[in-house]
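Structure record follows, encoded as structure tokens.
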Amino acid sequence: MSVTDVLIACCIAALMLFAIYHEAILPRRRGATRLRVALRRQHKIDSLIVIGLLLILLWNNVSHHGPQLTTSLLMVLSFMAFWLFWLRKPTLLMKNEGLFYAGVWIDYRRIQGMNLSEDGILVIQLEQRRLLVAVQQLDDLERIYTTLVDAR
């Protein structure tokens, strides 16, 4: 097994651990989920570039009759990247004492203010930074607001 194969296998393992954490562990952490809201995907062009580069590597390996193991690992990595960027839905999980946004726990006590932008993006002001929550359906904004009011 070459160094390239080991690096690709490590990337696949990291993506698999992230998938297990995101789909199985995260919804069960910190109590029951009160509200699960689907968010808009961002950075679609970046994801196309990454998947395109992986496909170029795969094509290069196949056309130069590279090792079969490398070809298989690149195919699995390409599928995992496709799942990460296009099949998986980014979500906002609201719990009793806080919320998970992009896999990060944010306690409700840290929220100092909320605004709604003109294009339907909820801006949540924390101590040091702002969270930009872009929901898929505008009705979800009202559900987020009522959940925040009930939780506080």
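Lettering and numbering for the structure tokens are positional, with chains as A, B, ... in the shown order, residues counted from 1 in each chain, and ligands counted from 1 in the shown order.
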
What's around A:Val149 at 12 Å? Count only C-alpha atoms, leave out sequence neighbours fewer than 3 positions away in its own chain, and write the answer as a PDB file with N, CA, C and O atoms, in the first residue's frame.
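Wrote it out as part15.pdb, contents follow:
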```pdb
ATOM      1  N   MET A  94     -32.531  21.996  16.980  1.00  0.00           N
ATOM      2  CA  MET A  94     -32.841  22.790  18.161  1.00  0.00           C
ATOM      3  C   MET A  94     -33.231  21.855  19.300  1.00  0.00           C
ATOM      4  O   MET A  94     -34.120  21.026  19.155  1.00  0.00           O
ATOM      5  N   ASN A  96     -33.531  21.532  23.902  1.00  0.00           N
ATOM      6  CA  ASN A  96     -34.141  22.286  24.998  1.00  0.00           C
ATOM      7  C   ASN A  96     -33.264  23.431  25.493  1.00  0.00           C
ATOM      8  O   ASN A  96     -33.768  24.476  25.872  1.00  0.00           O
ATOM      9  N   GLU A  97     -31.945  23.250  25.500  1.00  0.00           N
ATOM     10  CA  GLU A  97     -31.053  24.265  26.067  1.00  0.00           C
ATOM     11  C   GLU A  97     -30.151  24.940  25.049  1.00  0.00           C
ATOM     12  O   GLU A  97     -29.356  25.804  25.403  1.00  0.00           O
ATOM     13  N   GLY A  98     -30.233  24.542  23.792  1.00  0.00           N
ATOM     14  CA  GLY A  98     -29.378  25.134  22.776  1.00  0.00           C
ATOM     15  C   GLY A  98     -29.662  24.536  21.417  1.00  0.00           C
ATOM     16  O   GLY A  98     -30.660  23.855  21.221  1.00  0.00           O
ATOM     17  N   TYR A 108     -28.473  28.616  24.218  1.00  0.00           N
ATOM     18  CA  TYR A 108     -29.397  29.731  23.990  1.00  0.00           C
ATOM     19  C   TYR A 108     -28.980  30.982  24.755  1.00  0.00           C
ATOM     20  O   TYR A 108     -29.267  32.098  24.339  1.00  0.00           O
ATOM     21  N   ILE A 111     -27.018  33.685  22.826  1.00  0.00           N
ATOM     22  CA  ILE A 111     -27.678  34.489  21.787  1.00  0.00           C
ATOM     23  C   ILE A 111     -27.998  35.860  22.356  1.00  0.00           C
ATOM     24  O   ILE A 111     -28.708  35.995  23.335  1.00  0.00           O
ATOM     25  N   MET A 114     -31.304  38.701  17.419  1.00  0.00           N
ATOM     26  CA  MET A 114     -31.666  38.039  16.168  1.00  0.00           C
ATOM     27  C   MET A 114     -32.273  39.075  15.239  1.00  0.00           C
ATOM     28  O   MET A 114     -33.030  39.953  15.665  1.00  0.00           O
ATOM     29  N   GLU A 142     -40.541  30.964  11.232  1.00  0.00           N
ATOM     30  CA  GLU A 142     -41.527  31.132  12.307  1.00  0.00           C
ATOM     31  C   GLU A 142     -41.415  29.991  13.316  1.00  0.00           C
ATOM     32  O   GLU A 142     -41.502  30.221  14.523  1.00  0.00           O
ATOM     33  N   ARG A 143     -41.191  28.780  12.828  1.00  0.00           N
ATOM     34  CA  ARG A 143     -41.026  27.637  13.733  1.00  0.00           C
ATOM     35  C   ARG A 143     -39.775  27.797  14.592  1.00  0.00           C
ATOM     36  O   ARG A 143     -39.782  27.455  15.777  1.00  0.00           O
ATOM     37  N   ILE A 144     -38.697  28.324  14.010  1.00  0.00           N
ATOM     38  CA  ILE A 144     -37.473  28.576  14.783  1.00  0.00           C
ATOM     39  C   ILE A 144     -37.750  29.613  15.859  1.00  0.00           C
ATOM     40  O   ILE A 144     -37.349  29.453  17.013  1.00  0.00           O
ATOM     41  N   TYR A 145     -38.445  30.672  15.492  1.00  0.00           N
ATOM     42  CA  TYR A 145     -38.739  31.737  16.450  1.00  0.00           C
ATOM     43  C   TYR A 145     -39.581  31.219  17.608  1.00  0.00           C
ATOM     44  O   TYR A 145     -39.281  31.485  18.775  1.00  0.00           O
ATOM     45  N   THR A 146     -40.632  30.464  17.315  1.00  0.00           N
ATOM     46  CA  THR A 146     -41.486  29.962  18.389  1.00  0.00           C
ATOM     47  C   THR A 146     -40.722  28.972  19.289  1.00  0.00           C
ATOM     48  O   THR A 146     -40.908  28.956  20.496  1.00  0.00           O
ATOM     49  N   ARG A 152     -36.572  29.693  25.865  1.00  0.00           N
ATOM     50  CA  ARG A 152     -35.989  30.712  26.738  1.00  0.00           C
ATOM     51  C   ARG A 152     -36.971  31.001  27.833  1.00  0.00           C
ATOM     52  O   ARG A 152     -36.823  31.310  28.884  1.00  0.00           O
TER      53      ARG A 152
END
```

Could you build a table of the residues in stretch 8-47 of chain A lying no more than 8 Å from stretch 128-135 of chain A, giving for each the nearest pair of atoms and their separation in Å rounded to one decimal place, using only C-alpha atoms, ordered by chain and ascending residue number, as a Markdown table?
```
| residue | atom | partner | partner_atom | distance |
| --- | --- | --- | --- | --- |
| A:Val37 | CA | A:Val135 | CA | 7.2 |
| A:Ala38 | CA | A:Val135 | CA | 6.2 |
| A:Leu39 | CA | A:Val135 | CA | 4.3 |
| A:Arg40 | CA | A:Val135 | CA | 5.5 |
```

Tell me, as a list in words, which residues lie within 9 Å of stretch 45-49 of chain A, counting only C-alpha atoms; anything in the same chain fewer than 3 positions away does not count. Gln42, Gly52, Leu53, Leu54, Ala81, Phe82, Leu84, Phe85 and Trp86 of chain A

Could the residues in this selection be saved with all heavy atoms as a PDB file, in the first residue's frame?
```pdb
ATOM      1  N   GLN A  42     -24.792  25.648   0.569  1.00  0.00           N
ATOM      2  CA  GLN A  42     -23.943  26.745   0.143  1.00  0.00           C
ATOM      3  C   GLN A  42     -22.680  26.168  -0.461  1.00  0.00           C
ATOM      4  O   GLN A  42     -22.370  25.000  -0.279  1.00  0.00           O
ATOM      5  CB  GLN A  42     -23.618  27.649   1.324  1.00  0.00           C
ATOM      6  CG  GLN A  42     -24.866  28.279   1.912  1.00  0.00           C
ATOM      7  CD  GLN A  42     -24.546  29.130   3.129  1.00  0.00           C
ATOM      8  OE1 GLN A  42     -23.410  29.282   3.515  1.00  0.00           O
ATOM      9  NE2 GLN A  42     -25.578  29.680   3.734  1.00  0.00           N
ATOM     10  N   GLY A  52     -14.889  17.340  -9.253  1.00  0.00           N
ATOM     11  CA  GLY A  52     -14.218  17.314 -10.555  1.00  0.00           C
ATOM     12  C   GLY A  52     -12.758  16.918 -10.445  1.00  0.00           C
ATOM     13  O   GLY A  52     -12.250  16.124 -11.249  1.00  0.00           O
ATOM     14  N   LEU A  53     -12.063  17.450  -9.454  1.00  0.00           N
ATOM     15  CA  LEU A  53     -10.657  17.086  -9.256  1.00  0.00           C
ATOM     16  C   LEU A  53     -10.506  15.608  -8.896  1.00  0.00           C
ATOM     17  O   LEU A  53      -9.575  14.936  -9.359  1.00  0.00           O
ATOM     18  CB  LEU A  53     -10.028  17.963  -8.181  1.00  0.00           C
ATOM     19  CG  LEU A  53      -9.783  19.427  -8.580  1.00  0.00           C
ATOM     20  CD1 LEU A  53      -9.317  20.229  -7.370  1.00  0.00           C
ATOM     21  CD2 LEU A  53      -8.778  19.510  -9.701  1.00  0.00           C
ATOM     22  N   LEU A  54     -11.413  15.109  -8.070  1.00  0.00           N
ATOM     23  CA  LEU A  54     -11.364  13.679  -7.735  1.00  0.00           C
ATOM     24  C   LEU A  54     -11.608  12.804  -8.965  1.00  0.00           C
ATOM     25  O   LEU A  54     -10.949  11.777  -9.157  1.00  0.00           O
ATOM     26  CB  LEU A  54     -12.383  13.351  -6.645  1.00  0.00           C
ATOM     27  CG  LEU A  54     -12.019  13.775  -5.233  1.00  0.00           C
ATOM     28  CD1 LEU A  54     -13.193  13.580  -4.298  1.00  0.00           C
ATOM     29  CD2 LEU A  54     -10.811  13.006  -4.744  1.00  0.00           C
ATOM     30  N   ALA A  81     -17.587  12.211  -1.277  1.00  0.00           N
ATOM     31  CA  ALA A  81     -17.636  13.654  -1.530  1.00  0.00           C
ATOM     32  C   ALA A  81     -18.985  14.039  -2.139  1.00  0.00           C
ATOM     33  O   ALA A  81     -19.570  15.063  -1.776  1.00  0.00           O
ATOM     34  CB  ALA A  81     -16.497  14.072  -2.453  1.00  0.00           C
ATOM     35  N   PHE A  82     -19.498  13.210  -3.052  1.00  0.00           N
ATOM     36  CA  PHE A  82     -20.817  13.467  -3.628  1.00  0.00           C
ATOM     37  C   PHE A  82     -21.885  13.423  -2.545  1.00  0.00           C
ATOM     38  O   PHE A  82     -22.774  14.274  -2.505  1.00  0.00           O
ATOM     39  CB  PHE A  82     -21.119  12.438  -4.729  1.00  0.00           C
ATOM     40  CG  PHE A  82     -22.451  12.624  -5.375  1.00  0.00           C
ATOM     41  CD1 PHE A  82     -22.671  13.660  -6.267  1.00  0.00           C
ATOM     42  CD2 PHE A  82     -23.488  11.756  -5.092  1.00  0.00           C
ATOM     43  CE1 PHE A  82     -23.904  13.835  -6.861  1.00  0.00           C
ATOM     44  CE2 PHE A  82     -24.725  11.919  -5.676  1.00  0.00           C
ATOM     45  CZ  PHE A  82     -24.933  12.965  -6.571  1.00  0.00           C
ATOM     46  N   LEU A  84     -21.455  14.022   0.670  1.00  0.00           N
ATOM     47  CA  LEU A  84     -21.254  15.150   1.572  1.00  0.00           C
ATOM     48  C   LEU A  84     -21.800  16.446   0.993  1.00  0.00           C
ATOM     49  O   LEU A  84     -22.461  17.219   1.682  1.00  0.00           O
ATOM     50  CB  LEU A  84     -19.764  15.304   1.891  1.00  0.00           C
ATOM     51  CG  LEU A  84     -19.360  16.468   2.786  1.00  0.00           C
ATOM     52  CD1 LEU A  84     -19.896  16.232   4.190  1.00  0.00           C
ATOM     53  CD2 LEU A  84     -17.857  16.611   2.809  1.00  0.00           C
ATOM     54  N   PHE A  85     -21.558  16.676  -0.281  1.00  0.00           N
ATOM     55  CA  PHE A  85     -21.914  17.957  -0.876  1.00  0.00           C
ATOM     56  C   PHE A  85     -23.299  17.998  -1.505  1.00  0.00           C
ATOM     57  O   PHE A  85     -23.897  19.065  -1.596  1.00  0.00           O
ATOM     58  CB  PHE A  85     -20.887  18.354  -1.936  1.00  0.00           C
ATOM     59  CG  PHE A  85     -19.525  18.621  -1.380  1.00  0.00           C
ATOM     60  CD1 PHE A  85     -18.428  17.953  -1.870  1.00  0.00           C
ATOM     61  CD2 PHE A  85     -19.344  19.530  -0.362  1.00  0.00           C
ATOM     62  CE1 PHE A  85     -17.157  18.208  -1.367  1.00  0.00           C
ATOM     63  CE2 PHE A  85     -18.084  19.783   0.153  1.00  0.00           C
ATOM     64  CZ  PHE A  85     -16.996  19.122  -0.355  1.00  0.00           C
ATOM     65  N   TRP A  86     -23.858  16.859  -1.948  1.00  0.00           N
ATOM     66  CA  TRP A  86     -25.098  16.904  -2.697  1.00  0.00           C
ATOM     67  C   TRP A  86     -26.235  16.085  -2.104  1.00  0.00           C
ATOM     68  O   TRP A  86     -27.393  16.459  -2.262  1.00  0.00           O
ATOM     69  CB  TRP A  86     -24.839  16.461  -4.134  1.00  0.00           C
ATOM     70  CG  TRP A  86     -24.021  17.473  -4.845  1.00  0.00           C
ATOM     71  CD1 TRP A  86     -22.670  17.478  -4.984  1.00  0.00           C
ATOM     72  CD2 TRP A  86     -24.486  18.668  -5.465  1.00  0.00           C
ATOM     73  NE1 TRP A  86     -22.275  18.594  -5.658  1.00  0.00           N
ATOM     74  CE2 TRP A  86     -23.362  19.344  -5.968  1.00  0.00           C
ATOM     75  CE3 TRP A  86     -25.743  19.226  -5.637  1.00  0.00           C
ATOM     76  CZ2 TRP A  86     -23.465  20.551  -6.629  1.00  0.00           C
ATOM     77  CZ3 TRP A  86     -25.841  20.431  -6.314  1.00  0.00           C
ATOM     78  CH2 TRP A  86     -24.716  21.075  -6.803  1.00  0.00           C
TER      79      TRP A  86
END
```

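With only C-alpha atoms as the atoms that count, the minimum distance from A:Leu69 to the choices A:Leu92, A:Val104, A:Arg109, A:Met1 is reached by A:Met1.
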
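The residues of stretch 64-123 of chain A that DSSP classifies as strand (DSSP E or B), using the backbone of this structure, are Thr91, Leu92, Leu93, Met94, Gly98, Leu99, Phe100, Tyr101, Val104, Trp105, Ile106, Asp107, Gly113, Met114, Asn115, Leu116, Ile121, Leu122 and Val123 of chain A.
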
Could those residues be written to a file, using all heavy atoms, as a compact mmCIF listing (two decimals), in the first residue's frame?
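Output saved as selection03.txt:
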```txt
# COMPACT_ATOMS: atom_id res chain seq x y z
N THR A 91 -28.55 20.67 8.37
CA THR A 91 -29.70 20.87 9.24
C THR A 91 -29.33 21.72 10.45
O THR A 91 -28.17 21.80 10.85
CB THR A 91 -30.25 19.52 9.75
OG1 THR A 91 -29.21 18.83 10.42
CG2 THR A 91 -30.81 18.68 8.62
N LEU A 92 -30.36 22.33 11.00
CA LEU A 92 -30.27 23.04 12.26
C LEU A 92 -31.08 22.21 13.25
O LEU A 92 -32.26 21.96 13.04
CB LEU A 92 -30.87 24.45 12.12
CG LEU A 92 -31.01 25.26 13.39
CD1 LEU A 92 -29.64 25.75 13.84
CD2 LEU A 92 -31.92 26.44 13.15
N LEU A 93 -30.43 21.75 14.32
CA LEU A 93 -31.10 20.95 15.34
C LEU A 93 -31.30 21.81 16.57
O LEU A 93 -30.33 22.29 17.16
CB LEU A 93 -30.26 19.72 15.69
CG LEU A 93 -30.03 18.70 14.58
CD1 LEU A 93 -29.09 17.62 15.06
CD2 LEU A 93 -31.33 18.12 14.12
N MET A 94 -32.53 22.00 16.98
CA MET A 94 -32.84 22.79 18.16
C MET A 94 -33.23 21.85 19.30
O MET A 94 -34.12 21.03 19.16
CB MET A 94 -33.95 23.78 17.85
CG MET A 94 -33.56 24.72 16.72
SD MET A 94 -34.70 26.06 16.47
CE MET A 94 -34.25 27.09 17.83
N GLY A 98 -30.23 24.54 23.79
CA GLY A 98 -29.38 25.13 22.78
C GLY A 98 -29.66 24.54 21.42
O GLY A 98 -30.66 23.86 21.22
N LEU A 99 -28.77 24.82 20.49
CA LEU A 99 -28.95 24.32 19.13
C LEU A 99 -27.62 23.87 18.55
O LEU A 99 -26.55 24.29 18.98
CB LEU A 99 -29.59 25.39 18.25
CG LEU A 99 -28.90 26.75 18.12
CD1 LEU A 99 -28.00 26.80 16.92
CD2 LEU A 99 -29.95 27.84 18.02
N PHE A 100 -27.72 22.98 17.59
CA PHE A 100 -26.56 22.54 16.82
C PHE A 100 -26.64 23.20 15.46
O PHE A 100 -27.60 23.00 14.71
CB PHE A 100 -26.54 21.01 16.64
CG PHE A 100 -26.03 20.28 17.83
CD1 PHE A 100 -26.90 19.58 18.64
CD2 PHE A 100 -24.69 20.26 18.12
CE1 PHE A 100 -26.44 18.88 19.74
CE2 PHE A 100 -24.21 19.56 19.22
CZ PHE A 100 -25.09 18.87 20.03
N TYR A 101 -25.64 23.99 15.14
CA TYR A 101 -25.55 24.63 13.84
C TYR A 101 -24.18 24.28 13.26
O TYR A 101 -23.16 24.57 13.87
CB TYR A 101 -25.70 26.16 13.96
CG TYR A 101 -25.57 26.89 12.66
CD1 TYR A 101 -26.59 26.85 11.73
CD2 TYR A 101 -24.43 27.61 12.35
CE1 TYR A 101 -26.48 27.52 10.53
CE2 TYR A 101 -24.32 28.28 11.16
CZ TYR A 101 -25.34 28.23 10.25
OH TYR A 101 -25.22 28.89 9.05
N VAL A 104 -21.88 22.37 15.61
CA VAL A 104 -21.35 23.06 16.78
C VAL A 104 -22.50 23.37 17.73
O VAL A 104 -23.55 23.86 17.32
CB VAL A 104 -20.63 24.36 16.37
CG1 VAL A 104 -20.14 25.11 17.58
CG2 VAL A 104 -19.48 24.06 15.44
N TRP A 105 -22.31 23.10 19.03
CA TRP A 105 -23.30 23.37 20.05
C TRP A 105 -23.28 24.85 20.42
O TRP A 105 -22.23 25.42 20.70
CB TRP A 105 -23.04 22.52 21.28
CG TRP A 105 -23.94 22.84 22.42
CD1 TRP A 105 -23.63 23.53 23.55
CD2 TRP A 105 -25.32 22.49 22.55
NE1 TRP A 105 -24.72 23.62 24.36
CE2 TRP A 105 -25.78 23.00 23.77
CE3 TRP A 105 -26.21 21.81 21.73
CZ2 TRP A 105 -27.09 22.83 24.20
CZ3 TRP A 105 -27.52 21.64 22.17
CH2 TRP A 105 -27.95 22.15 23.39
N ILE A 106 -24.46 25.47 20.41
CA ILE A 106 -24.60 26.87 20.80
C ILE A 106 -25.71 26.95 21.84
O ILE A 106 -26.86 26.61 21.56
CB ILE A 106 -24.94 27.75 19.59
CG1 ILE A 106 -23.79 27.68 18.59
CG2 ILE A 106 -25.20 29.18 20.03
CD1 ILE A 106 -24.13 28.12 17.23
N ASP A 107 -25.35 27.36 23.04
CA ASP A 107 -26.31 27.50 24.13
C ASP A 107 -27.19 28.72 23.86
O ASP A 107 -26.73 29.73 23.35
CB ASP A 107 -25.57 27.66 25.45
CG ASP A 107 -26.45 27.34 26.64
OD1 ASP A 107 -27.58 27.85 26.68
OD2 ASP A 107 -26.01 26.57 27.50
N GLY A 113 -28.92 38.54 20.13
CA GLY A 113 -29.90 39.21 19.29
C GLY A 113 -30.16 38.41 18.03
O GLY A 113 -29.37 37.55 17.64
N MET A 114 -31.30 38.70 17.42
CA MET A 114 -31.67 38.04 16.17
C MET A 114 -32.27 39.08 15.24
O MET A 114 -33.03 39.95 15.66
CB MET A 114 -32.69 36.92 16.41
CG MET A 114 -32.14 35.75 17.14
SD MET A 114 -33.23 34.31 17.20
CE MET A 114 -34.84 34.98 17.32
N ASN A 115 -31.92 38.97 13.96
CA ASN A 115 -32.48 39.83 12.92
C ASN A 115 -32.82 38.97 11.73
O ASN A 115 -32.25 37.90 11.52
CB ASN A 115 -31.47 40.90 12.50
CG ASN A 115 -31.21 41.89 13.61
OD1 ASN A 115 -32.11 42.30 14.31
ND2 ASN A 115 -29.94 42.26 13.78
N LEU A 116 -33.72 39.48 10.92
CA LEU A 116 -34.09 38.80 9.69
C LEU A 116 -33.69 39.70 8.53
O LEU A 116 -34.11 40.86 8.46
CB LEU A 116 -35.60 38.52 9.67
CG LEU A 116 -36.12 37.70 8.50
CD1 LEU A 116 -35.47 36.32 8.49
CD2 LEU A 116 -37.62 37.58 8.58
N ILE A 121 -32.74 35.43 5.41
CA ILE A 121 -31.69 34.78 6.20
C ILE A 121 -31.78 35.27 7.63
O ILE A 121 -31.79 36.47 7.89
CB ILE A 121 -30.29 35.07 5.61
CG1 ILE A 121 -30.18 34.44 4.23
CG2 ILE A 121 -29.20 34.54 6.52
CD1 ILE A 121 -28.88 34.71 3.52
N LEU A 122 -31.87 34.33 8.57
CA LEU A 122 -31.92 34.67 9.98
C LEU A 122 -30.50 34.90 10.49
O LEU A 122 -29.63 34.04 10.34
CB LEU A 122 -32.58 33.54 10.76
CG LEU A 122 -32.72 33.73 12.27
CD1 LEU A 122 -33.66 34.89 12.57
CD2 LEU A 122 -33.23 32.46 12.92
N VAL A 123 -30.26 36.07 11.05
CA VAL A 123 -28.94 36.42 11.58
C VAL A 123 -29.02 36.33 13.10
O VAL A 123 -29.77 37.08 13.73
CB VAL A 123 -28.52 37.83 11.14
CG1 VAL A 123 -27.15 38.18 11.70
CG2 VAL A 123 -28.53 37.96 9.63
```

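The shortest atom-to-atom distance to A:Ile51, with only C-alpha atoms taken into account, belongs to A:Ser78 out of A:Ser78, A:Thr33, A:Gln112, A:Gln68.
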
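Of note, atom CA of A:Met75 and atom CA of A:Leu58 are spaced 7.1 Å apart.
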
For the structure I just gave you, how does DSSP split chain A - specifically, which residues are helix (DSSP H, G or I)? Reply as a ChimeraX atom specification. /A:3-28,44-63,68-87,108-110,139-151

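Straight-line separation from atom CA of A:Leu17 to atom CA of A:Phe79: 14.9 Å.
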
Shell of 12 Å around A:Met16, only C-alpha atoms, local chain residues under 4 positions omitted, as an mmCIF file with C-alpha atoms, in the first residue's frame:
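So the final result, stored in result.cif, reads:
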```cif
data_model
loop_
_atom_site.group_PDB
_atom_site.id
_atom_site.type_symbol
_atom_site.label_atom_id
_atom_site.label_comp_id
_atom_site.auth_asym_id
_atom_site.auth_seq_id
_atom_site.Cartn_x
_atom_site.Cartn_y
_atom_site.Cartn_z
ATOM 1 C CA ALA A 9 -8.027 5.683 3.118
ATOM 2 C CA CYS A 10 -7.582 8.208 5.948
ATOM 3 C CA CYS A 11 -9.812 10.700 4.110
ATOM 4 C CA ILE A 12 -12.453 8.010 3.593
ATOM 5 C CA ILE A 20 -21.856 8.429 11.506
ATOM 6 C CA TYR A 21 -21.549 11.415 13.845
ATOM 7 C CA HIS A 22 -23.836 13.639 11.772
ATOM 8 C CA GLU A 23 -26.560 11.086 11.069
ATOM 9 C CA ALA A 24 -26.581 8.914 14.211
ATOM 10 C CA VAL A 76 -15.211 5.475 -2.762
ATOM 11 C CA LEU A 77 -13.802 8.924 -1.963
ATOM 12 C CA PHE A 79 -18.910 8.887 -3.762
ATOM 13 C CA MET A 80 -18.321 10.140 -0.216
ATOM 14 C CA ALA A 81 -17.636 13.654 -1.530
ATOM 15 C CA TRP A 83 -22.772 12.387 -0.543
ATOM 16 C CA LEU A 84 -21.254 15.150 1.572
#
```

Among listed residues A:Ile56, A:Glu118, A:Lys95, A:His64, nearest A:Ala151 (using only C-alpha atoms): A:Lys95

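Atom CA of A:Asn60 to atom CA of A:Ala13 spans 23.0 Å [interatomic distance, one decimal].
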
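Checking A:Gly103, A:Val62, A:Leu87, A:Leu74 one by one against A:Pro27, counting only C-alpha atoms, you find the shortest gap at A:Gly103.
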